[in-house]
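Here is the structure we will look at, set down as structure tokens.
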Amino acid sequence: HVQLVESGGDSVQAGGSLRLSCGASGNTYCMYPRAWYRQNPGKEREFIASIERDGTTTYGDSVKGRFTVSQAENKNTVYLQMNSLKPEDTAQYYCKTDPPTVTGCPPRWGQGTQVTVS
């Protein structure tokens with residue numbers, strides 16, 4: 001299986017930038033697709049972005065044009081570059097692996113990293 005660890009969360013002012021990292025260890029076959037979600041207390045988890053092993057990306061409407069998801073050369077780490085941050089981007093950000101059912105790999109979540117924009 002796969003273990004995920006997010007990092008990079010911080011408190012920033014509106015208009016600022018942050019880069020989150022999602023490091024993965026374990027079965028490399030189960031590491032993709034990888035996705036970012038965010039959640040605030042009492043609200044549903046919101047899809048932010050995803051990336052396939054070949055680098056194909058998808059974005060949620062609320063972050064298009066501001067956030068960019070990318071992968072390290074070794075593909076174990078995935079990044080979320082967040083620019084032009086707004087107070088409404090404040091949330092706990094989570095990384096997730098979401099491999100197809102046919103792979104036999106269960107989806108995995110990281111523990112989350114907090115982003116606060118003021």
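Starting from 1 in every chain, residues are counted up; chains themselves are A, B, ... following the order of the structure tokens, and ligands are numbered from 1 as listed.
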Leaving out range 15-28 of chain A and any residue of its chain fewer than 6 positions from it, which residues lie within 9 Å of it when counting only C-alpha atoms, given as a PDB file with N, CA, C and O atoms, in the first residue's frame?
```
ATOM      1  N   HIS A   1       0.833  -1.191   0.000  1.00  0.00           N
ATOM      2  CA  HIS A   1       0.000   0.000   0.000  1.00  0.00           C
ATOM      3  C   HIS A   1       0.867   1.239   0.000  1.00  0.00           C
ATOM      4  O   HIS A   1       2.084   1.163  -0.050  1.00  0.00           O
ATOM      5  N   VAL A   2       0.214   2.396   0.087  1.00  0.00           N
ATOM      6  CA  VAL A   2       0.894   3.681  -0.034  1.00  0.00           C
ATOM      7  C   VAL A   2       0.659   4.513   1.217  1.00  0.00           C
ATOM      8  O   VAL A   2      -0.437   4.521   1.783  1.00  0.00           O
ATOM      9  N   GLN A   3       1.705   5.193   1.646  1.00  0.00           N
ATOM     10  CA  GLN A   3       1.589   6.164   2.724  1.00  0.00           C
ATOM     11  C   GLN A   3       1.846   7.555   2.140  1.00  0.00           C
ATOM     12  O   GLN A   3       2.759   7.741   1.335  1.00  0.00           O
ATOM     13  N   LEU A   4       1.034   8.520   2.566  1.00  0.00           N
ATOM     14  CA  LEU A   4       1.136   9.886   2.068  1.00  0.00           C
ATOM     15  C   LEU A   4       1.412  10.849   3.210  1.00  0.00           C
ATOM     16  O   LEU A   4       0.823  10.723   4.288  1.00  0.00           O
ATOM     17  N   VAL A   5       2.274  11.809   2.942  1.00  0.00           N
ATOM     18  CA  VAL A   5       2.558  12.852   3.923  1.00  0.00           C
ATOM     19  C   VAL A   5       2.526  14.202   3.228  1.00  0.00           C
ATOM     20  O   VAL A   5       3.306  14.444   2.294  1.00  0.00           O
ATOM     21  N   GLU A   6       1.621  15.077   3.679  1.00  0.00           N
ATOM     22  CA  GLU A   6       1.548  16.425   3.124  1.00  0.00           C
ATOM     23  C   GLU A   6       2.408  17.374   3.960  1.00  0.00           C
ATOM     24  O   GLU A   6       2.576  17.178   5.167  1.00  0.00           O
ATOM     25  N   SER A   7       2.890  18.419   3.315  1.00  0.00           N
ATOM     26  CA  SER A   7       3.625  19.467   4.013  1.00  0.00           C
ATOM     27  C   SER A   7       3.497  20.764   3.223  1.00  0.00           C
ATOM     28  O   SER A   7       3.053  20.755   2.077  1.00  0.00           O
ATOM     29  N   GLY A   8       3.900  21.853   3.867  1.00  0.00           N
ATOM     30  CA  GLY A   8       3.905  23.141   3.188  1.00  0.00           C
ATOM     31  C   GLY A   8       2.804  24.090   3.603  1.00  0.00           C
ATOM     32  O   GLY A   8       2.813  25.258   3.206  1.00  0.00           O
ATOM     33  N   GLY A   9       1.851  23.622   4.400  1.00  0.00           N
ATOM     34  CA  GLY A   9       0.791  24.518   4.846  1.00  0.00           C
ATOM     35  C   GLY A   9       1.335  25.622   5.734  1.00  0.00           C
ATOM     36  O   GLY A   9       2.309  25.441   6.452  1.00  0.00           O
ATOM     37  N   TRP A  36      -5.629  16.395  -4.923  1.00  0.00           N
ATOM     38  CA  TRP A  36      -5.692  17.292  -3.776  1.00  0.00           C
ATOM     39  C   TRP A  36      -7.152  17.652  -3.508  1.00  0.00           C
ATOM     40  O   TRP A  36      -7.908  17.946  -4.437  1.00  0.00           O
ATOM     41  N   LYS A  75       8.392  11.054  -9.543  1.00  0.00           N
ATOM     42  CA  LYS A  75       6.949  10.827  -9.476  1.00  0.00           C
ATOM     43  C   LYS A  75       6.446  10.420  -8.094  1.00  0.00           C
ATOM     44  O   LYS A  75       5.248  10.189  -7.929  1.00  0.00           O
ATOM     45  N   ASN A  76       7.305  10.333  -7.103  1.00  0.00           N
ATOM     46  CA  ASN A  76       6.837   9.985  -5.763  1.00  0.00           C
ATOM     47  C   ASN A  76       6.188  11.185  -5.076  1.00  0.00           C
ATOM     48  O   ASN A  76       5.295  11.023  -4.244  1.00  0.00           O
ATOM     49  N   THR A  77       6.641  12.376  -5.418  1.00  0.00           N
ATOM     50  CA  THR A  77       6.118  13.578  -4.792  1.00  0.00           C
ATOM     51  C   THR A  77       5.278  14.368  -5.781  1.00  0.00           C
ATOM     52  O   THR A  77       5.646  14.524  -6.943  1.00  0.00           O
ATOM     53  N   VAL A  78       4.156  14.843  -5.290  1.00  0.00           N
ATOM     54  CA  VAL A  78       3.271  15.702  -6.083  1.00  0.00           C
ATOM     55  C   VAL A  78       3.167  17.044  -5.372  1.00  0.00           C
ATOM     56  O   VAL A  78       3.122  17.095  -4.135  1.00  0.00           O
ATOM     57  N   TYR A  79       3.136  18.104  -6.149  1.00  0.00           N
ATOM     58  CA  TYR A  79       3.093  19.454  -5.596  1.00  0.00           C
ATOM     59  C   TYR A  79       1.785  20.155  -5.955  1.00  0.00           C
ATOM     60  O   TYR A  79       1.171  19.850  -6.981  1.00  0.00           O
ATOM     61  N   LEU A  80       1.405  21.090  -5.130  1.00  0.00           N
ATOM     62  CA  LEU A  80       0.297  21.976  -5.445  1.00  0.00           C
ATOM     63  C   LEU A  80       0.785  23.406  -5.244  1.00  0.00           C
ATOM     64  O   LEU A  80       0.970  23.846  -4.114  1.00  0.00           O
ATOM     65  N   GLN A  81       1.034  24.089  -6.354  1.00  0.00           N
ATOM     66  CA  GLN A  81       1.443  25.491  -6.309  1.00  0.00           C
ATOM     67  C   GLN A  81       0.187  26.346  -6.271  1.00  0.00           C
ATOM     68  O   GLN A  81      -0.652  26.256  -7.175  1.00  0.00           O
ATOM     69  N   MET A  82       0.068  27.144  -5.233  1.00  0.00           N
ATOM     70  CA  MET A  82      -1.129  27.960  -5.043  1.00  0.00           C
ATOM     71  C   MET A  82      -0.747  29.432  -5.117  1.00  0.00           C
ATOM     72  O   MET A  82       0.022  29.913  -4.278  1.00  0.00           O
ATOM     73  N   ASN A  83      -1.252  30.124  -6.103  1.00  0.00           N
ATOM     74  CA  ASN A  83      -0.983  31.551  -6.299  1.00  0.00           C
ATOM     75  C   ASN A  83      -2.266  32.361  -6.126  1.00  0.00           C
ATOM     76  O   ASN A  83      -3.367  31.822  -6.180  1.00  0.00           O
ATOM     77  N   SER A  84      -2.100  33.657  -5.953  1.00  0.00           N
ATOM     78  CA  SER A  84      -3.245  34.566  -5.810  1.00  0.00           C
ATOM     79  C   SER A  84      -4.234  34.036  -4.771  1.00  0.00           C
ATOM     80  O   SER A  84      -5.444  33.976  -4.999  1.00  0.00           O
ATOM     81  N   LEU A  85      -3.699  33.663  -3.624  1.00  0.00           N
ATOM     82  CA  LEU A  85      -4.539  33.059  -2.591  1.00  0.00           C
ATOM     83  C   LEU A  85      -5.574  34.035  -2.053  1.00  0.00           C
ATOM     84  O   LEU A  85      -5.321  35.254  -1.945  1.00  0.00           O
ATOM     85  N   LYS A  86      -6.747  33.478  -1.746  1.00  0.00           N
ATOM     86  CA  LYS A  86      -7.869  34.257  -1.229  1.00  0.00           C
ATOM     87  C   LYS A  86      -8.254  33.718   0.151  1.00  0.00           C
ATOM     88  O   LYS A  86      -7.991  32.550   0.453  1.00  0.00           O
ATOM     89  N   TYR A  93      -5.849  20.973   3.738  1.00  0.00           N
ATOM     90  CA  TYR A  93      -5.623  20.408   2.414  1.00  0.00           C
ATOM     91  C   TYR A  93      -5.126  18.977   2.554  1.00  0.00           C
ATOM     92  O   TYR A  93      -4.198  18.709   3.325  1.00  0.00           O
ATOM     93  N   TYR A  94      -5.742  18.101   1.767  1.00  0.00           N
ATOM     94  CA  TYR A  94      -5.426  16.676   1.835  1.00  0.00           C
ATOM     95  C   TYR A  94      -4.983  16.158   0.465  1.00  0.00           C
ATOM     96  O   TYR A  94      -5.511  16.560  -0.568  1.00  0.00           O
ATOM     97  N   CYS A  95      -4.059  15.222   0.522  1.00  0.00           N
ATOM     98  CA  CYS A  95      -3.611  14.516  -0.665  1.00  0.00           C
ATOM     99  C   CYS A  95      -4.244  13.127  -0.651  1.00  0.00           C
ATOM    100  O   CYS A  95      -4.416  12.529   0.422  1.00  0.00           O
ATOM    101  N   LYS A  96      -4.546  12.619  -1.827  1.00  0.00           N
ATOM    102  CA  LYS A  96      -5.189  11.315  -1.923  1.00  0.00           C
ATOM    103  C   LYS A  96      -4.683  10.580  -3.149  1.00  0.00           C
ATOM    104  O   LYS A  96      -4.471  11.181  -4.197  1.00  0.00           O
ATOM    105  N   GLY A 110      -3.709  11.359   2.994  1.00  0.00           N
ATOM    106  CA  GLY A 110      -2.724  11.854   3.922  1.00  0.00           C
ATOM    107  C   GLY A 110      -3.408  12.458   5.133  1.00  0.00           C
ATOM    108  O   GLY A 110      -4.640  12.506   5.224  1.00  0.00           O
ATOM    109  N   THR A 113      -2.708  19.195   5.690  1.00  0.00           N
ATOM    110  CA  THR A 113      -1.869  20.326   6.082  1.00  0.00           C
ATOM    111  C   THR A 113      -2.728  21.585   6.015  1.00  0.00           C
ATOM    112  O   THR A 113      -3.515  21.757   5.073  1.00  0.00           O
ATOM    113  N   VAL A 115      -3.864  25.395   5.579  1.00  0.00           N
ATOM    114  CA  VAL A 115      -3.574  26.645   4.873  1.00  0.00           C
ATOM    115  C   VAL A 115      -4.542  27.706   5.390  1.00  0.00           C
ATOM    116  O   VAL A 115      -5.752  27.495   5.387  1.00  0.00           O
ATOM    117  N   VAL A 117      -5.444  31.817   4.969  1.00  0.00           N
ATOM    118  CA  VAL A 117      -5.237  33.035   4.180  1.00  0.00           C
ATOM    119  C   VAL A 117      -6.038  34.161   4.818  1.00  0.00           C
ATOM    120  O   VAL A 117      -7.243  34.043   5.016  1.00  0.00           O
TER     121      VAL A 117
END
```
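Note that the spacing between CA of Asn74 in chain A and CA of Pro106 in chain A amounts to 21.6 Å.
CA of Thr56 in chain A to CA of Cys105 in chain A spans 20.1 Å [interatomic distance, one decimal].
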**Report entry** Those in chain A with helix (DSSP H, G or I) from DSSP, as an MDAnalysis selection string
**Finding:** chainID A and resid 28:30 87:89 101:103
Output all heavy atoms for every residue in the selection just made, as a tab-separated table (two decimals), in the first residue's frame.
```tsv
chain	number	residue	atom	x	y	z
A	28	THR	N	4.70	1.77	-5.67
A	28	THR	CA	4.64	2.84	-6.67
A	28	THR	C	3.48	2.62	-7.66
A	28	THR	O	2.96	3.58	-8.22
A	28	THR	CB	5.96	2.94	-7.45
A	28	THR	OG1	6.25	1.67	-8.03
A	28	THR	CG2	7.09	3.33	-6.52
A	29	TYR	N	3.09	1.37	-7.84
A	29	TYR	CA	1.98	1.05	-8.75
A	29	TYR	C	0.68	1.69	-8.28
A	29	TYR	O	-0.21	1.98	-9.09
A	29	TYR	CB	1.83	-0.46	-8.82
A	29	TYR	CG	0.71	-0.96	-9.69
A	29	TYR	CD1	0.72	-0.78	-11.07
A	29	TYR	CD2	-0.38	-1.63	-9.13
A	29	TYR	CE1	-0.31	-1.25	-11.86
A	29	TYR	CE2	-1.41	-2.11	-9.92
A	29	TYR	CZ	-1.37	-1.91	-11.28
A	29	TYR	OH	-2.41	-2.38	-12.06
A	30	CYS	N	0.58	1.92	-6.98
A	30	CYS	CA	-0.66	2.44	-6.38
A	30	CYS	C	-0.64	3.94	-6.13
A	30	CYS	O	-1.54	4.46	-5.48
A	30	CYS	CB	-0.93	1.73	-5.05
A	30	CYS	SG	-1.18	-0.05	-5.20
A	87	PRO	N	-8.90	34.52	0.96
A	87	PRO	CA	-9.35	34.02	2.28
A	87	PRO	C	-10.20	32.76	2.16
A	87	PRO	O	-10.13	31.89	3.03
A	87	PRO	CB	-10.14	35.20	2.83
A	87	PRO	CG	-9.51	36.40	2.22
A	87	PRO	CD	-9.14	35.97	0.82
A	88	GLU	N	-10.97	32.64	1.10
A	88	GLU	CA	-11.81	31.46	0.93
A	88	GLU	C	-11.02	30.20	0.58
A	88	GLU	O	-11.59	29.10	0.53
A	88	GLU	CB	-12.90	31.69	-0.13
A	88	GLU	CG	-12.40	32.26	-1.44
A	88	GLU	CD	-12.55	33.76	-1.52
A	88	GLU	OE1	-12.21	34.46	-0.53
A	88	GLU	OE2	-12.98	34.24	-2.59
A	89	ASP	N	-9.72	30.33	0.35
A	89	ASP	CA	-8.86	29.17	0.15
A	89	ASP	C	-8.43	28.55	1.48
A	89	ASP	O	-7.81	27.49	1.50
A	89	ASP	CB	-7.60	29.54	-0.65
A	89	ASP	CG	-7.92	29.96	-2.07
A	89	ASP	OD1	-8.77	29.30	-2.71
A	89	ASP	OD2	-7.31	30.94	-2.54
A	101	THR	N	-10.21	0.80	-9.51
A	101	THR	CA	-10.53	-0.41	-8.76
A	101	THR	C	-9.83	-1.63	-9.30
A	101	THR	O	-9.39	-2.50	-8.53
A	101	THR	CB	-12.05	-0.63	-8.76
A	101	THR	OG1	-12.69	0.55	-8.26
A	101	THR	CG2	-12.42	-1.83	-7.89
A	102	VAL	N	-9.66	-1.68	-10.62
A	102	VAL	CA	-9.06	-2.87	-11.25
A	102	VAL	C	-7.61	-3.07	-10.82
A	102	VAL	O	-7.07	-4.17	-10.97
A	102	VAL	CB	-9.12	-2.77	-12.79
A	102	VAL	CG1	-10.56	-2.79	-13.26
A	102	VAL	CG2	-8.39	-1.55	-13.30
A	103	THR	N	-6.97	-2.05	-10.28
A	103	THR	CA	-5.58	-2.20	-9.84
A	103	THR	C	-5.49	-2.99	-8.53
A	103	THR	O	-4.42	-3.48	-8.19
A	103	THR	CB	-4.93	-0.83	-9.62
A	103	THR	OG1	-5.59	-0.17	-8.53
A	103	THR	CG2	-4.99	0.04	-10.85
```
Query - d(CA of Ala35 in chain A, CA of Gln13 in chain A) in Å - result: 24.9 Å
Report task. Do a neighbour search on range 45-53 of chain A at 6 Å with only C-alpha atoms, toss out local chain neighbours closer than 3 positions, and write the hits as a PyMOL selection string. Result -> chain A and resi 32-39+56-60
Query - Counting only C-alpha atoms, the residue of A:Ala91, A:Val63, A:Met31, A:Ala72 that sits nearest Trp109 in chain A - result: A:Met31
